[in-house]
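Asks: Below is the file my_file-v1.cif, with mmCIF, C-alpha atoms.
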data_coords
#
loop_
_atom_site.label_atom_id
_atom_site.label_comp_id
_atom_site.auth_asym_id
_atom_site.auth_seq_id
_atom_site.Cartn_x
_atom_site.Cartn_y
_atom_site.Cartn_z
CA MET A 30 0.00 0.00 0.00
CA SER A 31 1.37 3.45 -0.92
CA ILE A 32 1.84 6.35 1.47
CA LEU A 33 -1.14 8.07 -0.16
CA ASP A 34 -3.32 4.98 0.40
CA LYS A 35 -2.24 4.74 4.04
CA ILE A 36 -3.13 8.34 4.78
CA PHE A 37 -6.24 8.87 2.69
CA GLY A 38 -7.63 5.52 1.64
CA LYS A 39 -7.85 4.35 -1.96
CA ASP A 40 -11.03 6.25 -2.85
CA ASP A 41 -9.64 9.76 -2.28
CA GLN A 42 -8.68 11.78 -5.34
CA PRO A 43 -6.01 14.51 -5.40
CA ARG A 44 -7.10 18.10 -5.71
CA THR A 45 -6.61 19.86 -9.03
CA THR A 46 -7.63 23.45 -8.21
CA PRO A 47 -4.84 25.85 -9.28
CA ALA A 48 -2.85 27.46 -6.47
CA LYS A 49 -4.39 25.12 -3.90
CA PRO A 50 -2.49 22.54 -1.88
CA ASP A 51 -2.46 19.06 -3.35
CA MET A 52 -4.13 16.29 -1.37
CA ILE A 53 -1.22 15.22 0.81
CA MET A 54 -0.06 18.79 1.43
CA GLN A 55 -3.59 19.64 2.54
CA LYS A 56 -3.49 16.68 4.92
CA VAL A 57 -0.42 18.19 6.59
CA LEU A 58 -2.11 21.59 6.83
CA ASP A 59 -5.28 20.05 8.28
CA THR A 60 -3.29 18.07 10.81
CA HIS A 61 -1.39 21.21 11.79
CA ALA A 62 -4.70 23.04 12.29
CA GLU A 63 -5.91 20.20 14.53
CA LEU A 64 -2.93 20.87 16.81
CA GLY A 65 -4.44 24.28 17.57
CA PRO A 66 -1.74 26.81 16.65
CA LYS A 67 -2.66 30.44 17.24
CA PRO A 68 -1.90 33.04 14.55
CA ILE A 69 1.72 33.94 15.12
CA GLU A 70 1.10 37.60 14.29
CA THR A 71 -1.13 37.82 17.42
CA LEU A 72 1.53 36.49 19.78
CA SER A 73 4.72 37.57 21.47
CA PRO A 74 7.93 35.99 20.14
CA GLU A 75 8.14 33.82 23.27
CA GLU A 76 4.57 32.56 22.73
CA ALA A 77 5.15 32.06 19.02
CA ARG A 78 8.18 29.84 19.66
CA ARG A 79 5.98 27.48 21.70
CA GLN A 80 3.33 27.02 19.00
CA PRO A 81 2.79 23.70 17.20
CA THR A 82 4.68 23.70 13.91
CA PRO A 83 4.15 22.04 10.52
CA SER A 84 6.92 19.61 11.49
CA ASP A 85 4.81 18.61 14.50
CA ALA A 86 2.00 17.81 12.07
CA VAL A 87 4.33 15.62 10.02
CA LYS A 88 5.38 13.76 13.15
CA LYS A 89 1.72 13.17 14.06
CA ILE A 90 0.96 11.78 10.61
CA LEU A 91 3.95 9.47 10.89
CA ARG A 92 2.82 8.25 14.30
CA ASP A 93 -0.79 7.74 13.25
CA THR A 94 -0.61 6.38 9.70
CA ILE A 95 2.91 5.57 8.50
CA LYS A 96 4.31 3.67 11.44
CA ASP A 97 6.72 1.60 9.35
CA GLU A 98 8.75 4.59 8.13
CA ASP A 99 12.14 5.16 9.80
CA PRO A 100 12.10 8.86 10.77
CA THR A 101 15.90 8.92 11.08
CA LEU A 102 16.47 7.87 7.42
CA GLY A 103 19.46 5.97 8.80
CA ILE A 104 21.22 9.28 9.52
CA GLN A 105 23.10 9.74 12.79
CA THR A 106 23.25 13.06 14.65
CA ARG A 107 25.33 14.73 17.32
CA ASP A 108 24.73 18.11 18.94
CA ILE A 109 27.74 20.37 19.36
CA SER A 110 28.60 23.99 20.08
CA ILE A 111 30.47 26.16 17.60
CA ASP A 112 31.86 29.70 17.67
CA GLY A 113 29.43 32.45 16.67
CA ALA A 114 30.03 36.15 16.22
CA ALA A 115 29.17 36.96 19.83
CA GLY A 116 29.43 33.64 21.63
CA PRO A 117 28.74 29.94 21.22
CA LEU A 118 26.01 28.68 18.86
CA GLN A 119 24.06 25.45 18.99
CA ALA A 120 24.70 23.18 16.01
CA ARG A 121 23.85 19.66 14.95
CA ILE A 122 25.92 17.28 12.84
CA TYR A 123 24.05 14.92 10.49
CA SER A 124 26.03 12.07 9.01
CA PRO A 125 25.47 8.64 7.42
CA ASN A 126 28.14 7.37 9.83
CA LEU A 127 29.54 9.53 12.62
CA GLU A 128 32.28 6.98 13.35
CA SER A 129 33.61 6.68 9.81
CA ASP A 130 37.17 7.75 9.02
CA ASP A 131 36.18 8.61 5.45
CA LEU A 132 35.85 12.36 4.98
CA LYS A 133 32.58 13.29 3.27
CA PRO A 134 31.55 16.60 1.70
CA LEU A 135 29.98 19.14 4.07
CA VAL A 136 26.87 21.27 3.77
CA VAL A 137 26.52 24.19 6.21
CA TYR A 138 22.76 24.60 6.71
CA PHE A 139 20.68 27.44 8.21
CA HIS A 140 17.07 26.94 9.32
CA GLY A 141 14.13 29.26 8.72
CA GLY A 142 11.76 31.06 11.06
CA GLY A 143 11.78 34.68 9.92
CA PHE A 144 14.87 35.40 12.08
CA VAL A 145 12.55 35.18 15.13
CA ILE A 146 11.23 31.65 15.68
CA ALA A 147 12.14 27.97 15.09
CA ASP A 148 15.25 25.98 15.90
CA LEU A 149 17.27 22.89 14.98
CA ASP A 150 14.44 20.53 15.96
CA VAL A 151 11.76 22.30 13.92
CA TYR A 152 13.98 22.16 10.84
CA ASP A 153 15.26 18.61 11.19
CA GLY A 154 13.79 17.06 8.04
CA GLY A 155 15.69 19.13 5.49
CA PRO A 156 19.25 18.56 6.70
CA ARG A 157 18.48 14.93 7.47
CA GLY A 158 17.22 14.31 3.94
CA ILE A 159 20.18 16.11 2.38
CA SER A 160 22.64 14.05 4.43
CA ARG A 161 20.92 10.89 3.23
CA PHE A 162 20.47 11.71 -0.45
CA ALA A 163 23.70 13.65 -1.00
CA ASP A 164 25.76 11.20 1.11
CA CYS A 165 27.33 14.07 3.01
CA VAL A 166 27.74 15.59 6.44
CA VAL A 167 25.37 18.45 7.22
CA LEU A 168 26.15 21.02 9.90
CA SER A 169 22.84 22.62 10.90
CA VAL A 170 23.49 25.88 12.73
CA HIS A 171 21.26 27.85 15.07
CA TYR A 172 21.84 31.61 15.33
CA ARG A 173 20.88 34.57 17.47
CA GLN A 174 17.27 35.55 16.91
CA ALA A 175 15.27 38.75 17.10
CA PRO A 176 13.89 40.64 18.92
CA GLU A 177 16.52 39.82 21.53
CA ASN A 178 19.19 40.21 18.84
CA LYS A 179 18.14 42.51 16.03
CA PHE A 180 19.37 42.49 12.43
CA PRO A 181 22.15 41.81 11.45
CA ALA A 182 22.96 39.49 14.38
CA ALA A 183 21.82 36.35 12.53
CA HIS A 184 23.90 37.29 9.50
CA GLU A 185 26.98 37.87 11.63
CA ASP A 186 26.50 34.43 13.18
CA ALA A 187 26.05 32.80 9.78
CA ILE A 188 29.36 34.20 8.54
CA ALA A 189 31.06 33.16 11.79
CA ALA A 190 29.62 29.66 11.36
CA TRP A 191 31.05 29.49 7.85
CA ARG A 192 34.48 30.48 9.18
CA TRP A 193 34.18 27.80 11.87
CA ALA A 194 33.24 25.16 9.30
CA LEU A 195 36.22 26.04 7.11
CA ALA A 196 38.57 25.69 10.07
CA ASN A 197 37.00 22.61 11.63
CA ALA A 198 35.53 20.57 8.79
CA GLN A 199 37.91 17.64 9.24
CA SER A 200 37.14 17.39 12.96
CA ILE A 201 33.49 16.61 12.13
CA GLY A 202 34.27 14.04 9.46
CA SER A 203 34.24 16.37 6.47
CA ASP A 204 36.50 17.21 3.56
CA PRO A 205 37.52 20.89 3.94
CA ARG A 206 37.89 21.16 0.15
CA LYS A 207 34.25 20.21 -0.46
CA ILE A 208 31.92 22.55 1.43
CA ALA A 209 28.59 23.99 0.31
CA VAL A 210 26.01 26.23 1.95
CA MET A 211 22.24 25.83 2.20
CA GLY A 212 19.22 27.36 3.90
CA GLU A 213 15.45 27.40 4.02
CA SER A 214 13.36 30.60 4.08
CA ALA A 215 15.20 33.11 6.31
CA GLY A 216 17.99 30.54 6.33
CA GLY A 217 18.13 30.80 2.56
CA ASN A 218 18.80 34.49 3.01
CA LEU A 219 21.63 33.65 5.41
CA ALA A 220 23.05 31.11 2.98
CA ILE A 221 23.32 33.48 0.03
CA ASN A 222 24.78 36.14 2.30
CA VAL A 223 27.48 33.65 3.33
CA SER A 224 28.33 33.23 -0.35
CA ILE A 225 28.42 37.00 -0.86
CA ALA A 226 30.55 37.52 2.28
CA ALA A 227 32.96 34.78 1.22
CA ARG A 228 33.44 36.56 -2.11
CA ASP A 229 33.85 39.99 -0.55
CA MET A 230 36.04 38.90 2.39
CA GLY A 231 38.30 36.61 0.40
CA LEU A 232 37.17 33.48 2.26
CA GLN A 233 36.98 30.02 0.71
CA ALA A 234 33.76 30.11 -1.29
CA PRO A 235 31.03 27.48 -1.11
CA LEU A 236 31.23 25.02 -3.99
CA HIS A 237 27.46 25.32 -4.32
CA GLN A 238 24.49 27.01 -2.65
CA VAL A 239 21.01 25.55 -2.18
CA LEU A 240 18.38 28.20 -1.55
CA VAL A 241 14.99 26.81 -0.53
CA TYR A 242 12.13 29.34 -0.79
CA PRO A 243 14.59 32.03 0.34
CA LEU A 244 13.51 35.31 1.89
CA VAL A 245 15.42 37.66 -0.40
CA GLY A 246 13.24 40.72 -1.02
CA ASN A 247 11.35 43.47 0.80
CA ASP A 248 8.41 43.99 -1.57
CA LEU A 249 5.28 42.69 0.15
CA ASN A 250 3.08 43.39 -2.86
CA THR A 251 4.50 40.97 -5.39
CA GLU A 252 2.31 38.58 -7.36
CA SER A 253 2.84 35.74 -4.90
CA TYR A 254 2.23 37.96 -1.87
CA ILE A 255 -1.11 38.98 -3.36
CA GLU A 256 -2.03 35.41 -4.28
CA ASN A 257 -0.98 33.98 -0.90
CA ALA A 258 -1.78 36.85 1.47
CA ASP A 259 -3.70 34.46 3.73
CA ALA A 260 -1.89 31.22 2.96
CA LYS A 261 -0.79 28.63 5.48
CA PRO A 262 1.67 28.07 7.01
CA LEU A 263 3.21 31.40 5.87
CA ASN A 264 1.29 34.54 4.96
CA LYS A 265 1.68 38.27 4.67
CA PRO A 266 0.68 39.18 8.27
CA MET A 267 3.35 36.79 9.55
CA ILE A 268 6.02 38.40 7.39
CA GLU A 269 4.99 41.83 8.68
CA TRP A 270 5.30 40.44 12.23
CA PHE A 271 8.77 39.09 11.50
CA VAL A 272 9.82 42.48 10.11
CA LYS A 273 8.48 44.28 13.19
CA HIS A 274 10.53 42.12 15.53
CA THR A 275 13.71 41.81 13.44
CA PHE A 276 14.37 45.45 12.54
CA ASN A 277 14.49 48.62 14.57
CA ASP A 278 12.72 50.29 11.65
CA PRO A 279 11.04 48.77 8.56
CA SER A 280 13.43 50.78 6.39
CA GLY A 281 16.10 48.30 7.47
CA THR A 282 14.66 45.80 4.99
CA ALA A 283 16.20 47.86 2.17
CA ASP A 284 19.65 46.65 3.23
CA PRO A 285 21.25 44.54 0.45
CA MET A 286 21.56 41.65 2.90
CA VAL A 287 17.75 41.54 3.08
CA ASN A 288 16.67 42.94 -0.28
CA VAL A 289 19.04 40.66 -2.13
CA VAL A 290 17.04 40.70 -5.38
CA GLY A 291 16.85 44.49 -5.44
CA ALA A 292 20.15 45.72 -4.06
CA ALA A 293 22.85 43.03 -3.79
CA ASP A 294 25.74 42.39 -6.18
CA LEU A 295 25.22 38.81 -7.38
CA GLN A 296 28.26 38.45 -9.63
CA GLY A 297 30.86 35.81 -8.91
CA LEU A 298 28.71 33.55 -6.72
CA PRO A 299 28.69 29.75 -6.59
CA SER A 300 26.48 27.56 -8.73
CA SER A 301 22.98 27.63 -7.27
CA THR A 302 19.92 25.47 -6.77
CA VAL A 303 16.74 27.45 -6.09
CA ILE A 304 13.74 25.46 -4.84
CA LEU A 305 10.36 27.18 -4.56
CA ALA A 306 6.81 26.36 -3.50
CA GLU A 307 3.82 27.51 -5.53
CA ILE A 308 1.71 28.41 -2.48
CA ASP A 309 4.13 30.78 -0.80
CA PRO A 310 4.33 34.57 -0.49
CA LEU A 311 8.08 34.28 -1.18
CA ARG A 312 7.70 32.54 -4.55
CA THR A 313 7.98 35.64 -6.76
CA GLU A 314 11.13 36.95 -5.11
CA GLY A 315 12.63 33.47 -5.38
CA GLU A 316 11.87 33.45 -9.10
CA LYS A 317 13.47 36.87 -9.46
CA LEU A 318 16.52 35.70 -7.55
CA ALA A 319 17.04 32.78 -9.91
CA GLU A 320 16.73 35.14 -12.88
CA ARG A 321 19.15 37.67 -11.39
CA LEU A 322 21.70 35.04 -10.45
CA GLU A 323 21.66 33.73 -14.00
CA ALA A 324 21.82 37.23 -15.48
CA ALA A 325 24.90 37.89 -13.32
CA GLY A 326 26.66 34.95 -14.97
CA ASN A 327 26.09 32.27 -12.37
CA ASN A 328 25.05 28.68 -13.06
CA VAL A 329 21.48 28.24 -11.74
CA ARG A 330 18.97 25.42 -11.65
CA SER A 331 15.52 26.32 -10.33
CA LYS A 332 12.32 24.36 -9.73
CA THR A 333 8.90 25.37 -8.39
CA PHE A 334 6.83 22.61 -6.78
CA HIS A 335 3.17 23.09 -7.60
CA GLY A 336 0.58 22.22 -4.99
CA SER A 337 3.18 22.61 -2.25
CA THR A 338 3.40 25.31 0.41
CA HIS A 339 6.14 27.08 2.28
CA GLU A 340 7.83 24.66 4.71
CA PHE A 341 7.22 21.59 2.53
CA PHE A 342 10.91 20.80 1.92
CA GLY A 343 11.55 19.00 5.22
CA MET A 344 8.44 16.81 4.94
CA GLY A 345 10.00 14.10 2.79
CA LEU A 346 8.66 11.19 4.86
CA VAL A 347 5.07 12.29 4.22
CA VAL A 348 4.99 14.64 1.21
CA PRO A 349 6.30 12.98 -1.98
CA ASP A 350 7.24 16.32 -3.58
CA ALA A 351 9.45 17.08 -0.57
CA ALA A 352 11.42 13.88 -1.12
CA VAL A 353 11.74 14.81 -4.81
CA ALA A 354 12.91 18.31 -3.87
CA GLN A 355 15.52 16.91 -1.50
CA GLN A 356 16.83 14.60 -4.21
CA PHE A 357 16.81 17.49 -6.71
CA ALA A 358 19.05 19.48 -4.36
CA ALA A 359 21.18 16.45 -3.52
CA HIS A 360 21.85 15.79 -7.20
CA ASP A 361 23.21 19.31 -7.66
CA LEU A 362 25.29 19.10 -4.49
CA LYS A 363 26.85 15.80 -5.56
CA LYS A 364 27.60 17.26 -8.96
CA ALA A 365 29.34 20.24 -7.33
CA PHE A 366 31.24 17.97 -4.94
CA GLY A 367 32.31 15.67 -7.75
CA THR A 368 30.70 12.68 -6.04
CA ALA A 369 27.87 12.04 -8.48
CA ILE A 370 27.95 8.64 -10.16
CA LEU A 371 28.01 9.32 -13.90
CA PRO A 372 26.63 6.84 -16.44
CA ILE A 373 29.24 4.81 -18.31
#
Could you rewrite the structure in this file as C-alpha cells?

Replies:
Amino acid sequence: MSILDKIFGKDDQPRTTPAKPDMIMQKVLDTHAELGPKPIETLSPEEARRQPTPSDAVKKILRDTIKDEDPTLGIQTRDISIDGAAGPLQARIYSPNLESDDLKPLVVYFHGGGFVIADLDVYDGGPRGISRFADCVVLSVHYRQAPENKFPAAHEDAIAAWRWALANAQSIGSDPRKIAVMGESAGGNLAINVSIAARDMGLQAPLHQVLVYPLVGNDLNTESYIENADAKPLNKPMIEWFVKHTFNDPSGTADPMVNVVGAADLQGLPSSTVILAEIDPLRTEGEKLAERLEAAGNNVRSKTFHGSTHEFFGMGLVVPDAAVAQQFAAHDLKKAFGTAILPI
C-alpha cells in the first residue's frame, strides 16, 4: 500500500484546483490546524516559539498512519557547540556514519523562522534528507534571533559559522575542500549572504548554494504575496510580524543583505539550486533571484513545486514532492562535490 493509500484511503482523489495545496499537502495543513496553533502575528515571540509547527504535524501523521517509516532515514546526529560572532552557537551534525574515518563533503545549513522563531528541531527534516540523499555531512546551525538580537545578528553568526566550518571541517568528518552552503526561508537568506561575504572577504567560497524558498526581497506586494496573502503556514501578516521584531525600523529591509534581489551584487557567486513552492508569499522573489543570479553569470537550476506550500521541503517522509525536492538538491550538491555517479 502506498503512502497516499495509508493516509487517505484508496477512494480519495487529489485536488486539481490551481494554487491550492495538493491532497497530501492539505493533509499536513489540516493536521497542523488540529494541533491548535494560534496566529503567530497575534503572539509575542516567546509565545510564538511554543506554537505547534508544521513539522509537529508531520510527526503526528507518521505516528498515526505511516508507522513503518524510519524517521531517522538511517542518519546519525550529534549536537555540538560552535563559535558564533558573539558567543557559542548550537549546532547539529548529520552524518550517514559519525564513526567513519572517510571524509565526506559538508553542507553548512541554516534553518528558517523569519529570524525570530524555530530551531534545529523544527527544521530537522531538510538537513536529514540532504545528508541521506547527497551522502554528506550536514552542519545545521542555530543563530541569534530577534527581537533579543536585532538584524544583522543572525547574518553575523552565519558568517562566523562558515568560518568555523572552514577551520573545523575535518574534525566533524568532512573534507575541507568540499563545502557547500544551504538554507530554508530566512535561512536561505543567510546562505546566500554567506556566499556574498565569502566573495567579498576573500574566504573560501562554497562550492554550491542551495536556496529553498529564500527570503530575499522586501516587496510585500509581489504577485505571490497577493495570491498567498492568507496562505498557510506562511502569509503576509506573519512576514509583517517578522519584520516588526527583526528590525528597529522597517526601512532596514532595504539593506542589500535583506533585499538581495533588489540591491545586492550577485556576480561571482557559486552555482545555485533554487527550490520554490507555488503556495508561498516568497515565490515571486525566489523566481526573481534565480533570474538575477543567471543574469549575473552564475550557473542556476531552479524548480517550483506546484501544490506545495512554504515549509514543505523538510516533509520528505510524508509529502512525496518534498522527497523529490531533497533529491533534486542532492543531485546538484553531488555534482558540485564531484561525487555524483556518472553513467558509463

Asks: Per residue of range 87-172 of chain A within 12 Å of range 45-64 of chain A, which atom pair is closest and at what distance in Å (one decimal), using all atoms listed in the file, listed by chain and increasing number, as JSON lines?

Replies:
{"residue": "A:Val87", "atom": "CA", "partner": "A:Val57", "partner_atom": "CA", "distance": 6.4}
{"residue": "A:Lys88", "atom": "CA", "partner": "A:Val57", "partner_atom": "CA", "distance": 9.8}
{"residue": "A:Lys89", "atom": "CA", "partner": "A:Thr60", "partner_atom": "CA", "distance": 7.7}
{"residue": "A:Ile90", "atom": "CA", "partner": "A:Thr60", "partner_atom": "CA", "distance": 7.6}
{"residue": "A:Leu91", "atom": "CA", "partner": "A:Val57", "partner_atom": "CA", "distance": 10.7}
{"residue": "A:Asp93", "atom": "CA", "partner": "A:Thr60", "partner_atom": "CA", "distance": 10.9}
{"residue": "A:Thr94", "atom": "CA", "partner": "A:Lys56", "partner_atom": "CA", "distance": 11.7}

Asks: Using Å and a single decimal, report how far CA of Asn222 in chain A sits from CA of His184 in chain A.

Replies: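 Pair CA of His184 in chain A / CA of Asn222 in chain A returns 7.3 Å.
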
Asks: Counting only C-alpha atoms, figure out which residue out of A:Ser224, A:Asn126, A:Thr82, A:Thr106 gets nearest to Val151 in chain A.

Replies: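 Nearest candidate to Val151 in chain A out of A:Ser224, A:Asn126, A:Thr82, A:Thr106: A:Thr82.
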
Asks: Show me, as a PyMOL selection string, the residues that have an atom within 6 Å of range 335-352 of chain A when counting all atoms listed in the file, minus same-chain residues fewer than 2 positions from it.

Replies: chain A and resi 49-51+154-155+306-309+354-355

Asks: Within 10 Å of Ala258 in chain A, counting all atoms listed in the file, which residues qualify if same-chain residues fewer than 6 places away don't, as an mmCIF file with C-alpha atoms, in the coordinates of the input?

Replies:
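Generated output (result_18.cif):
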data_model
loop_
_atom_site.group_PDB
_atom_site.id
_atom_site.type_symbol
_atom_site.label_atom_id
_atom_site.label_comp_id
_atom_site.auth_asym_id
_atom_site.auth_seq_id
_atom_site.Cartn_x
_atom_site.Cartn_y
_atom_site.Cartn_z
ATOM 1 C CA LEU A 249 5.280 42.690 0.150
ATOM 2 C CA ASN A 250 3.080 43.390 -2.860
ATOM 3 C CA GLU A 252 2.310 38.580 -7.360
ATOM 4 C CA ASN A 264 1.290 34.540 4.960
ATOM 5 C CA LYS A 265 1.680 38.270 4.670
ATOM 6 C CA PRO A 266 0.680 39.180 8.270
ATOM 7 C CA MET A 267 3.350 36.790 9.550
ATOM 8 C CA ILE A 268 6.020 38.400 7.390
ATOM 9 C CA ILE A 308 1.710 28.410 -2.480
ATOM 10 C CA ASP A 309 4.130 30.780 -0.800
ATOM 11 C CA PRO A 310 4.330 34.570 -0.490
#

Asks: Record the distance separating CA of Ser129 in chain A and CA of Leu195 in chain A, expressed in Å with one decimal.

Replies: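 So the two atoms, CA of Ser129 in chain A and CA of Leu195 in chain A, lie 19.7 Å apart.
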
Asks: Name the closest residue to Gly113 in chain A among the candidates A:Asp97, A:Asp229, A:Asp186, A:Glu177; distances are taken between atoms, counting all atoms listed in the file.

Replies: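 Of the candidates, the smallest distance to Gly113 in chain A is held by A:Asp186.
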
Asks: When the PyMOL selection byres ((chain A and resi 178) around 12) is applied to the structure above, which residues does it catch, written out as a PDB file with C-alpha atoms, keeping the file's coordinate frame?

Replies:
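File produced: selection_27.pdb:
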ATOM      1  CA  ALA A 114      30.030  36.150  16.220  1.00  0.00           C
ATOM      2  CA  ALA A 115      29.170  36.960  19.830  1.00  0.00           C
ATOM      3  CA  PHE A 144      14.870  35.400  12.080  1.00  0.00           C
ATOM      4  CA  VAL A 145      12.550  35.180  15.130  1.00  0.00           C
ATOM      5  CA  TYR A 172      21.840  31.610  15.330  1.00  0.00           C
ATOM      6  CA  ARG A 173      20.880  34.570  17.470  1.00  0.00           C
ATOM      7  CA  GLN A 174      17.270  35.550  16.910  1.00  0.00           C
ATOM      8  CA  ALA A 175      15.270  38.750  17.100  1.00  0.00           C
ATOM      9  CA  PRO A 176      13.890  40.640  18.920  1.00  0.00           C
ATOM     10  CA  GLU A 177      16.520  39.820  21.530  1.00  0.00           C
ATOM     11  CA  LYS A 179      18.140  42.510  16.030  1.00  0.00           C
ATOM     12  CA  PHE A 180      19.370  42.490  12.430  1.00  0.00           C
ATOM     13  CA  PRO A 181      22.150  41.810  11.450  1.00  0.00           C
ATOM     14  CA  ALA A 182      22.960  39.490  14.380  1.00  0.00           C
ATOM     15  CA  ALA A 183      21.820  36.350  12.530  1.00  0.00           C
ATOM     16  CA  HIS A 184      23.900  37.290   9.500  1.00  0.00           C
ATOM     17  CA  GLU A 185      26.980  37.870  11.630  1.00  0.00           C
ATOM     18  CA  ASP A 186      26.500  34.430  13.180  1.00  0.00           C
ATOM     19  CA  HIS A 274      10.530  42.120  15.530  1.00  0.00           C
ATOM     20  CA  THR A 275      13.710  41.810  13.440  1.00  0.00           C
ATOM     21  CA  PHE A 276      14.370  45.450  12.540  1.00  0.00           C
ATOM     22  CA  ASN A 277      14.490  48.620  14.570  1.00  0.00           C
TER      23      ASN A 277
END

Asks: Specify as a list of chain:residue names each residue included when the PyMOL selection byres ((chain A and resi 288) around 10) is applied to this file.

Replies: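 When the PyMOL selection byres ((chain A and resi 288) around 10) is applied to the shown file, the picked residues are A:Asn218, A:Leu244, A:Val245, A:Gly246, A:Asn247, A:Asp248, A:Gly281, A:Thr282, A:Ala283, A:Asp284, A:Pro285, A:Met286, A:Val287, A:Val289, A:Val290, A:Gly291, A:Ala292, A:Ala293, A:Glu314.
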
Asks: When the PyMOL selection byres ((chain A and resi 240) around 7) is applied to the structure above, which residues does it catch, written out as a compact mmCIF listing (two decimals) with C-alpha atoms, in the frame of the given file?

Replies:
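As written to disk, out.txt reads:
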# COMPACT_ATOMS: atom_id res chain seq x y z
CA MET A 211 22.24 25.83 2.20
CA GLY A 212 19.22 27.36 3.90
CA GLU A 213 15.45 27.40 4.02
CA GLY A 217 18.13 30.80 2.56
CA GLN A 238 24.49 27.01 -2.65
CA VAL A 239 21.01 25.55 -2.18
CA VAL A 241 14.99 26.81 -0.53
CA TYR A 242 12.13 29.34 -0.79
CA PRO A 243 14.59 32.03 0.34
CA THR A 302 19.92 25.47 -6.77
CA VAL A 303 16.74 27.45 -6.09
CA ILE A 304 13.74 25.46 -4.84

Asks: Considering all atoms listed in the file, state which residue in the set A:Ala163, A:Ala194, A:Trp270, A:Ile109 is at the smallest distance from Leu72 in chain A.

Replies: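 Distance minimum relative to Leu72 in chain A lands on A:Trp270.
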
Asks: In terms of the shortest atom-to-atom distance over all atoms listed in the file, which of A:Ile225, A:Asp259, A:Phe334, A:Ile146 is closest to Leu322 in chain A?

Replies: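 With all atoms listed in the file as the atom set, the closest residue is A:Ile225.
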
Asks: Find, counting only C-alpha atoms, the residue in A:Asp204, A:Pro262, A:Ser160, A:Thr251 that gets nearest to Pro68 in chain A.

Replies: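 Residue with the minimum atom-to-atom distance to Pro68 in chain A: A:Pro262.
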
Asks: What separation in Å, quoted to one decimal, exists between CA of Asp112 in chain A and CA of Arg78 in chain A?

Replies: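 About the pair CA of Asp112 in chain A and CA of Arg78 in chain A: they are 23.8 Å apart.
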
Asks: I need the residue nearest Ala190 in chain A from this list: A:Ala226, A:Leu232, A:Leu311, A:Val170. Use all atoms listed in the file for the distance.

Replies: A:Val170

Asks: Need the shell around Asp131 in chain A: protein/DNA/RNA residues with any atom at most 10 Å away, counting all atoms listed in the file. Skip same-chain ones fewer than 6 positions apart. Format as an mmCIF file with C-alpha atoms, in the frame of the given file?

Replies:
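Result saved to around19.cif:
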data_model
loop_
_atom_site.group_PDB
_atom_site.id
_atom_site.type_symbol
_atom_site.label_atom_id
_atom_site.label_comp_id
_atom_site.auth_asym_id
_atom_site.auth_seq_id
_atom_site.Cartn_x
_atom_site.Cartn_y
_atom_site.Cartn_z
ATOM 1 C CA GLN A 199 37.910 17.640 9.240
ATOM 2 C CA GLY A 202 34.270 14.040 9.460
ATOM 3 C CA SER A 203 34.240 16.370 6.470
ATOM 4 C CA ASP A 204 36.500 17.210 3.560
#

Asks: Neighbours of Tyr138 in chain A within 8 Å (only C-alpha atoms; same-chain residues fewer than 6 positions away dropped), as a ChimeraX atom specification?

Replies: /A:156,167-170,210-212,216,220

Asks: Around all the atoms of range 321-337 of chain A listed in the file, with 3 Å of room on each side, what axis-aligned box do you get, giving centre and edge lengths in Å to one decimal, as AutoDock Vina command-line options?

Replies:
--center_x 13.6 --center_y 30.1 --center_z -8.9 --size_x 32.1 --size_y 21.7 --size_z 19.2

Asks: Which polymer residues have any atom within 6 Å of an atom of Val329 in chain A, counting all atoms listed in the file, with same-chain residues fewer than 5 positions away left out, as JSON, numbers by chain?

Replies: {"A": [300, 301, 302, 323]}
